[in-house]
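This is protein.txt. It holds compact mmCIF, C-alpha atoms.
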# COMPACT_ATOMS: atom_id res chain seq x y z
CA MET A 270 79.76 91.06 103.64
CA ALA A 271 80.76 94.26 105.40
CA VAL A 272 81.35 94.10 109.14
CA ASP A 273 80.72 96.82 111.70
CA VAL A 274 84.10 98.30 112.69
CA SER A 275 82.80 100.50 115.50
CA GLY A 276 85.08 100.35 118.52
CA ARG A 277 87.82 98.44 116.71
CA LEU A 278 91.37 99.78 116.54
CA ALA A 279 93.21 101.16 113.52
CA VAL A 280 96.90 102.09 113.58
CA VAL A 281 97.92 104.73 111.03
CA SER A 282 101.52 105.80 110.49
CA GLY A 283 102.37 109.20 109.05
CA ALA A 284 99.08 110.42 110.48
CA GLY A 285 100.08 113.99 111.27
CA ARG A 286 99.47 115.37 107.79
CA GLY A 287 98.70 114.57 104.17
CA ILE A 288 97.06 111.30 103.21
CA GLY A 289 97.65 109.80 106.65
CA ARG A 290 95.59 112.51 108.29
CA HIS A 291 92.72 111.96 105.86
CA LEU A 292 92.86 108.21 106.43
CA ALA A 293 92.76 108.62 110.20
CA LEU A 294 89.74 110.91 109.93
CA GLY A 295 87.97 108.52 107.56
CA LEU A 296 88.51 105.55 109.85
CA ALA A 297 87.40 107.56 112.89
CA GLY A 298 84.31 108.60 110.93
CA ALA A 299 83.59 104.90 110.40
CA GLY A 300 83.68 104.45 114.18
CA MET A 301 87.18 103.04 114.64
CA ASN A 302 89.44 104.03 117.50
CA VAL A 303 92.72 105.30 116.07
CA ALA A 304 96.34 105.11 117.18
CA LEU A 305 98.29 107.77 115.31
CA LEU A 306 102.03 107.57 114.62
CA GLY A 307 104.36 110.22 113.27
CA ARG A 308 107.50 112.19 113.95
CA ARG A 309 105.78 115.54 114.58
CA PRO A 310 103.74 115.66 117.82
CA ALA A 311 101.92 118.86 116.88
CA GLY A 312 100.50 117.35 113.69
CA LEU A 313 99.45 114.18 115.49
CA ASP A 314 97.70 116.16 118.22
CA ASP A 315 95.79 118.15 115.61
CA THR A 316 94.69 114.98 113.81
CA ALA A 317 93.68 113.40 117.11
CA ARG A 318 91.49 116.37 118.03
CA GLU A 319 89.68 116.12 114.70
CA CYS A 320 89.23 112.35 115.06
CA ALA A 321 87.88 112.71 118.60
CA ARG A 322 84.94 114.72 117.25
CA PHE A 323 83.54 111.43 115.97
CA GLY A 324 83.33 110.16 119.54
CA VAL A 325 86.13 107.60 119.19
CA GLU A 326 89.19 107.01 121.31
CA THR A 327 92.42 108.46 119.98
CA PHE A 328 96.03 107.73 120.90
CA THR A 329 99.07 109.63 119.66
CA TYR A 330 102.61 108.30 119.55
CA PRO A 331 105.53 110.42 118.25
CA VAL A 332 107.43 107.44 116.85
CA ASP A 333 110.01 107.19 114.08
CA VAL A 334 108.92 104.00 112.33
CA ARG A 335 112.50 103.35 111.22
CA ARG A 336 113.47 102.64 114.83
CA SER A 337 112.70 99.02 115.63
CA ALA A 338 112.84 99.35 119.42
CA ALA A 339 110.52 102.37 119.39
CA VAL A 340 108.00 100.59 117.18
CA ARG A 341 108.08 97.51 119.39
CA ALA A 342 107.49 99.62 122.51
CA PHE A 343 104.54 101.33 120.80
CA VAL A 344 102.95 98.04 119.75
CA ASP A 345 103.41 96.54 123.22
CA GLU A 346 101.72 99.58 124.75
CA VAL A 347 98.80 99.83 122.35
CA VAL A 348 98.10 96.08 122.39
CA GLY A 349 98.32 96.19 126.18
CA LYS A 350 95.70 98.94 126.27
CA GLN A 351 93.40 97.79 123.47
CA GLY A 352 93.98 94.05 123.26
CA ALA A 353 94.27 93.89 119.48
CA VAL A 354 95.07 95.88 116.36
CA ASP A 355 92.34 95.28 113.80
CA LEU A 356 93.80 97.39 110.99
CA LEU A 357 97.36 98.57 110.32
CA VAL A 358 97.88 101.28 107.70
CA ASN A 359 101.51 101.72 106.69
CA ASN A 360 101.29 105.23 105.27
CA ALA A 361 104.49 106.94 106.46
CA GLY A 362 106.63 107.70 103.44
CA ILE A 363 109.02 110.14 101.79
CA ALA A 364 110.36 110.60 98.25
CA ASP A 365 113.59 111.63 96.47
CA HIS A 366 113.53 115.40 96.94
CA ASP A 367 116.62 116.04 94.82
CA GLU A 368 115.19 113.94 91.94
CA SER A 369 118.68 112.91 90.83
CA PRO A 370 119.69 109.59 89.26
CA PRO A 371 121.35 107.20 91.74
CA TRP A 372 124.89 108.03 90.59
CA GLU A 373 124.30 111.69 91.47
CA ALA A 374 121.97 111.33 94.46
CA ASP A 375 122.85 112.01 98.07
CA ALA A 376 123.45 108.44 99.26
CA ASP A 377 122.29 109.10 102.81
CA ARG A 378 119.03 110.60 101.59
CA TRP A 379 118.55 107.70 99.15
CA TRP A 380 118.78 105.21 102.00
CA GLU A 381 116.60 107.38 104.24
CA VAL A 382 113.79 106.95 101.69
CA LEU A 383 114.29 103.17 101.69
CA GLU A 384 114.38 102.99 105.47
CA THR A 385 111.26 105.11 105.94
CA ASN A 386 109.13 103.48 103.27
CA LEU A 387 110.28 99.87 103.55
CA ARG A 388 111.91 99.36 106.92
CA GLY A 389 109.22 101.44 108.63
CA SER A 390 106.48 99.27 107.11
CA PHE A 391 108.40 96.10 107.94
CA ASN A 392 108.87 97.18 111.56
CA LEU A 393 105.17 97.74 112.08
CA CYS A 394 104.25 94.48 110.33
CA ARG A 395 106.88 92.63 112.34
CA PHE A 396 105.47 93.65 115.71
CA VAL A 397 101.75 93.87 114.90
CA LEU A 398 101.45 90.54 113.09
CA PRO A 399 102.03 88.14 116.01
CA ALA A 400 98.94 89.48 117.79
CA MET A 401 96.88 89.41 114.59
CA ILE A 402 97.94 85.83 113.89
CA GLY A 403 97.16 84.90 117.48
CA ALA A 404 93.70 86.44 117.16
CA GLY A 405 93.12 84.80 113.78
CA ALA A 406 92.07 88.13 112.28
CA GLY A 407 93.47 91.44 111.09
CA ARG A 408 94.12 93.55 108.02
CA ILE A 409 97.13 95.47 106.77
CA VAL A 410 97.24 98.21 104.14
CA ASN A 411 100.55 99.29 102.64
CA ILE A 412 100.19 102.61 100.87
CA ASN A 413 102.03 102.05 97.62
CA SER A 414 102.58 103.93 94.36
CA ASN A 415 102.48 103.46 90.60
CA VAL A 416 106.17 104.40 90.62
CA ALA A 417 106.75 100.85 91.91
CA THR A 418 105.82 99.50 88.48
CA LYS A 419 106.16 102.47 86.11
CA ARG A 420 109.83 103.31 86.86
CA ASP A 421 111.03 106.93 86.90
CA ILE A 422 114.77 107.60 87.21
CA ARG A 423 114.03 110.78 89.16
CA TYR A 424 112.53 108.72 91.97
CA SER A 425 114.80 105.67 92.09
CA ALA A 426 114.75 105.39 95.88
CA TYR A 427 111.01 105.87 96.12
CA GLY A 428 110.31 103.41 93.29
CA THR A 429 112.73 100.83 94.68
CA SER A 430 111.18 101.08 98.15
CA LYS A 431 107.65 100.68 96.82
CA ALA A 432 108.56 97.75 94.56
CA ALA A 433 110.17 96.07 97.57
CA LEU A 434 107.00 96.73 99.54
CA LEU A 435 105.03 94.92 96.82
CA ALA A 436 107.40 91.97 97.15
CA LEU A 437 107.04 91.96 100.94
CA SER A 438 103.23 91.93 100.73
CA ASP A 439 103.30 89.18 98.11
CA THR A 440 105.56 87.09 100.35
CA LEU A 441 103.21 87.52 103.31
CA ALA A 442 99.82 87.22 101.60
CA GLY A 443 99.58 83.44 101.24
CA PRO A 444 100.82 82.47 104.70
CA LEU A 445 98.74 85.20 106.36
CA ARG A 446 95.57 84.13 104.59
CA ALA A 447 95.80 80.81 106.42
CA HIS A 448 95.71 82.77 109.70
CA GLY A 449 92.73 84.95 108.77
CA VAL A 450 94.88 88.03 108.08
CA SER A 451 94.61 90.03 104.85
CA ILE A 452 97.18 92.38 103.32
CA PHE A 453 96.80 94.97 100.56
CA ASP A 454 99.04 97.32 98.58
CA ILE A 455 96.97 100.31 97.52
CA SER A 456 98.15 103.21 95.39
CA PRO A 457 96.21 106.42 96.01
CA GLY A 458 97.20 107.95 92.68
CA MET A 459 98.43 111.52 92.46
CA ILE A 460 96.79 113.30 95.37
CA ARG A 461 97.68 116.89 96.14
CA THR A 462 99.87 116.91 99.27
CA GLU A 463 102.96 118.74 100.48
CA MET A 464 105.09 115.90 99.12
CA SER A 465 103.48 115.68 95.68
CA GLU A 466 103.55 119.44 95.20
CA ARG A 467 107.37 119.34 95.50
CA MET A 468 107.71 116.71 92.77
CA THR A 469 108.74 117.88 89.30
CA ALA A 470 106.41 115.29 87.82
CA CYS A 471 103.49 117.27 89.25
CA LEU A 472 104.53 120.85 88.45
CA GLU A 473 102.17 121.24 85.52
CA ARG A 474 99.42 118.99 86.83
CA ASN A 475 95.98 120.59 86.91
CA GLN A 476 94.01 117.47 87.74
CA TRP A 477 94.46 115.56 90.99
CA VAL A 478 92.97 112.34 92.31
CA SER A 479 90.44 112.88 95.08
CA VAL A 480 91.74 111.84 98.48
CA GLU A 481 88.28 110.46 99.21
CA LEU A 482 88.99 107.52 96.90
CA ILE A 483 91.83 106.18 99.03
CA VAL A 484 89.89 106.91 102.23
CA GLU A 485 86.92 104.95 100.92
CA ALA A 486 89.15 102.06 99.84
CA VAL A 487 90.84 101.76 103.23
CA VAL A 488 87.52 101.92 105.06
CA ARG A 489 86.29 99.13 102.79
CA VAL A 490 89.39 97.10 103.71
CA ALA A 491 88.64 97.65 107.40
CA ARG A 492 85.10 96.39 106.90
CA GLY A 493 86.31 93.24 105.13
CA GLU A 494 84.69 94.13 101.80
CA LEU A 495 87.92 93.70 99.84
CA ASP A 496 89.20 90.50 101.47
CA PRO A 497 88.81 88.49 98.22
CA ILE A 498 91.52 90.64 96.59
CA SER A 499 93.98 90.43 99.48
CA GLY A 500 97.55 90.23 98.23
CA ARG A 501 96.82 92.21 95.04
CA TYR A 502 98.07 95.63 94.02
CA LEU A 503 95.21 98.12 93.74
CA HIS A 504 95.17 101.61 92.21
CA VAL A 505 92.16 103.58 93.41
CA GLY A 506 92.56 106.26 90.74
CA VAL A 507 91.50 103.82 88.01
CA ASP A 508 90.28 100.58 89.59
CA ASP A 509 86.66 99.60 90.09
CA LEU A 510 87.22 97.73 93.35
CA THR A 511 83.76 96.19 93.38
CA GLU A 512 84.39 94.73 89.94
CA LEU A 513 87.78 93.38 91.02
CA VAL A 514 86.19 91.68 94.02
CA ALA A 515 83.61 90.09 91.70
CA ARG A 516 86.37 88.90 89.36
CA ALA A 517 88.31 87.46 92.30
CA ARG A 518 85.30 85.45 93.45
CA VAL A 519 85.27 83.78 90.04
CA GLY A 520 89.06 83.45 90.04
CA LEU A 521 91.84 85.84 89.09
CA PRO A 522 94.87 84.44 87.23
CA GLU A 523 97.79 83.33 89.37
CA GLY A 524 100.09 86.27 89.94
CA ALA A 525 97.65 88.88 88.63
CA ARG A 526 98.30 92.28 90.18
CA THR A 527 101.44 91.06 91.92
CA LEU A 528 105.14 91.66 91.25
CA ARG A 529 106.29 88.91 88.90
CA LEU A 530 109.05 88.15 86.39
CA LEU A 531 107.76 88.37 82.81
CA PRO A 532 109.01 85.32 80.84
CA HIS A 533 110.30 85.89 77.30
CA GLY A 534 108.16 83.05 76.05
CA ALA A 535 106.72 79.60 76.82
CA ASP A 536 110.21 78.07 76.50
CA ASP A 537 111.74 80.46 79.06
CA PRO A 538 113.33 78.24 81.75
CA LEU A 539 112.20 80.77 84.37
CA ALA A 540 108.55 80.71 83.23

Before we go any further, please render this structure as structure tokens.
Amino acid sequence: MAVDVSGRLAVVSGAGRGIGRHLALGLAGAGMNVALLGRRPAGLDDTARECARFGVETFTYPVDVRRSAAVRAFVDEVVGKQGAVDLLVNNAGIADHDESPPWEADADRWWEVLETNLRGSFNLCRFVLPAMIGAGAGRIVNINSNVATKRDIRYSAYGTSKAALLALSDTLAGPLRAHGVSIFDISPGMIRTEMSERMTACLERNQWVSVELIVEAVVRVARGELDPISGRYLHVGVDDLTELVARARVGLPEGARTLRLLPHGADDPLA
């Protein structure tokens, strides 16, 4: 059953532009107060002004999510002001701009992608989760990608970071469920943003996924509608989330929509 999220707090990273901006606006439109993180103050301020039109409280924090101390200071401040984080959306992310295989890639840039997409998400989870566990409630959304499972040599850093994010969520899902906390990996599909427009894979694309699909999905997470499929990988471009919830209530197979080793057969010793 959906819950009223009015007055509750959502934290959105990478909120100054692109998908993060749309998510912040969607959550504000649902009545949630929003704490907006990003590296560009001007973009955050613009998003905050748009969110405030819904009559909610907005907070902006120019934070680099890769920096553990900065993330911890942010969480301490926002929890001190608001008392609890009800929803964390790990959206901040970058991709391999040079689109080179690993043996040709700029190593520093390769690791920058990993640190932004994985370490940034870990940092926010690390410092938000204790309060959620203490409250016995909370939800986390990791914005993921089909590149995590569909492998593309041009985006080895991006794909590796997103696959690792799947593994992190899978590791957390079971233990968090016992504390009333849900976690989701959601792929928005190919949405037209500054980042996607720079990707060679999108140069000839003439059809894009509507950003409203990911906004709707995250709002549904905030309202608790998708709790039965916590810990599963979701792809809003193709999934019928209502159907998946119905399937989960009956019982999804163990490991379905999670990152798993595929055995070579029933006699595989790792099966």

Item checked: Given only C-alpha atoms as the counted atoms, nearest of A:Ala311, A:Leu393, A:Ala299, A:Leu306 to Gly324 in chain A ->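 Closest to Gly324 in chain A of all the choices is A:Ala299.
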
Note to self: Using all atoms listed in the file, can you tell me which of A:Asn392, A:Ser282, A:Thr511, A:Ser337 comes closest to Thr316 in chain A?
What the structure shows: A:Ser282

Next item on the list: Enter the distance from CA of Gly524 in chain A to CA of Ala486 in chain A, in Å, rounded to one decimal.
Entry: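 Value for the CA of Gly524 in chain A-CA of Ala486 in chain A distance: 21.6 Å.
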
Next item on the list: Determine, counting only C-alpha atoms, which protein, DNA and RNA residues have an atom within 8 Å of an atom of Tyr424 in chain A; residues of the same chain fewer than 2 positions away are not included. Present the result as a PyMOL selection string.
Entry: chain A and resi 364-365+368-370+416+420-422+426-428

Please, which residues are within 10 Å of (103.2, 100.5, 90.8) by the file's coordinates, counting all atoms listed in the file, and could they come as a compact mmCIF listing (two decimals) with C-alpha atoms, in the coordinates of the input?
# COMPACT_ATOMS: atom_id res chain seq x y z
CA ASN A 413 102.03 102.05 97.62
CA SER A 414 102.58 103.93 94.36
CA ASN A 415 102.48 103.46 90.60
CA VAL A 416 106.17 104.40 90.62
CA ALA A 417 106.75 100.85 91.91
CA THR A 418 105.82 99.50 88.48
CA LYS A 419 106.16 102.47 86.11
CA ARG A 420 109.83 103.31 86.86
CA GLY A 428 110.31 103.41 93.29
CA LYS A 431 107.65 100.68 96.82
CA ALA A 432 108.56 97.75 94.56
CA LEU A 435 105.03 94.92 96.82
CA ASP A 454 99.04 97.32 98.58
CA ILE A 455 96.97 100.31 97.52
CA SER A 456 98.15 103.21 95.39
CA GLY A 458 97.20 107.95 92.68
CA TYR A 502 98.07 95.63 94.02
CA LEU A 503 95.21 98.12 93.74
CA HIS A 504 95.17 101.61 92.21
CA ARG A 526 98.30 92.28 90.18
CA THR A 527 101.44 91.06 91.92
CA LEU A 528 105.14 91.66 91.25

Notebook entry, point to check: Which neighbours of Glu512 in chain A fall inside 12 Å, counting all atoms listed in the file, when residues of the same chain fewer than 4 positions from it are skipped, and could you give them as JSON, numbers by chain?
Noted result: {"A": [494, 495, 497, 498, 503, 507, 508, 516, 517, 518, 519, 521]}

Margin query: Given the point (92.2, 101.1, 116.8) in the coordinates of this file, which residues lie within 6 Å, counting all atoms listed in the file, and how would they look as a PyMOL selection string?
Written below: chain A and resi 277-280+301-304+354

Contact residues around Ser390 in chain A with all atoms listed in the file at 9 Å, ignoring same-chain residues under 6 positions, as a compact mmCIF listing (two decimals) with C-alpha atoms, in the coordinates of the input:
# COMPACT_ATOMS: atom_id res chain seq x y z
CA SER A 282 101.52 105.80 110.49
CA VAL A 334 108.92 104.00 112.33
CA ARG A 335 112.50 103.35 111.22
CA VAL A 358 97.88 101.28 107.70
CA ASN A 359 101.51 101.72 106.69
CA ASN A 360 101.29 105.23 105.27
CA ALA A 361 104.49 106.94 106.46
CA GLU A 384 114.38 102.99 105.47
CA ASN A 411 100.55 99.29 102.64
CA LEU A 434 107.00 96.73 99.54

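Between CA of Ala406 in chain A and CA of Ser451 in chain A there is a distance of 8.1 Å.
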
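Atom pair CA of Gly389 in chain A / CA of Gly449 in chain A: separated by 23.3 Å.
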
Notebook entry, point to check: In terms of the shortest atom-to-atom distance over all atoms listed in the file, which of A:Gly506, A:Pro444, A:Val382, A:Leu398 is closest to Ile483 in chain A?
Noted result: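 Selected residue with least distance to Ile483 in chain A: A:Gly506.
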
Checklist line | Residue nearest Cys394 in chain A among A:Arg378, A:Lys350, A:Arg423, A:Arg341 (counting only C-alpha atoms) | finding: A:Arg341

Next item on the list: Check the smallest atom-to-atom distance from each of A:Val325, A:Val347, A:Val340, A:Leu294 to Gly307 in chain A using all atoms listed in the file, then report the winner.
Entry: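 Under the stated criterion, the closest residue is A:Val340.
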
Checklist line | 9 Å contact set for Val397 in chain A, only C-alpha atoms, chain neighbours under 6 positions out, as an NGL selection string | finding: :A and (341 or 344-345 or 348 or 353-354 or 357)

Item checked: Distance criterion (all atoms listed in the file): nearest to Cys320 in chain A out of A:Arg308, A:Arg290, A:Arg501, A:Arg336 -> A:Arg290
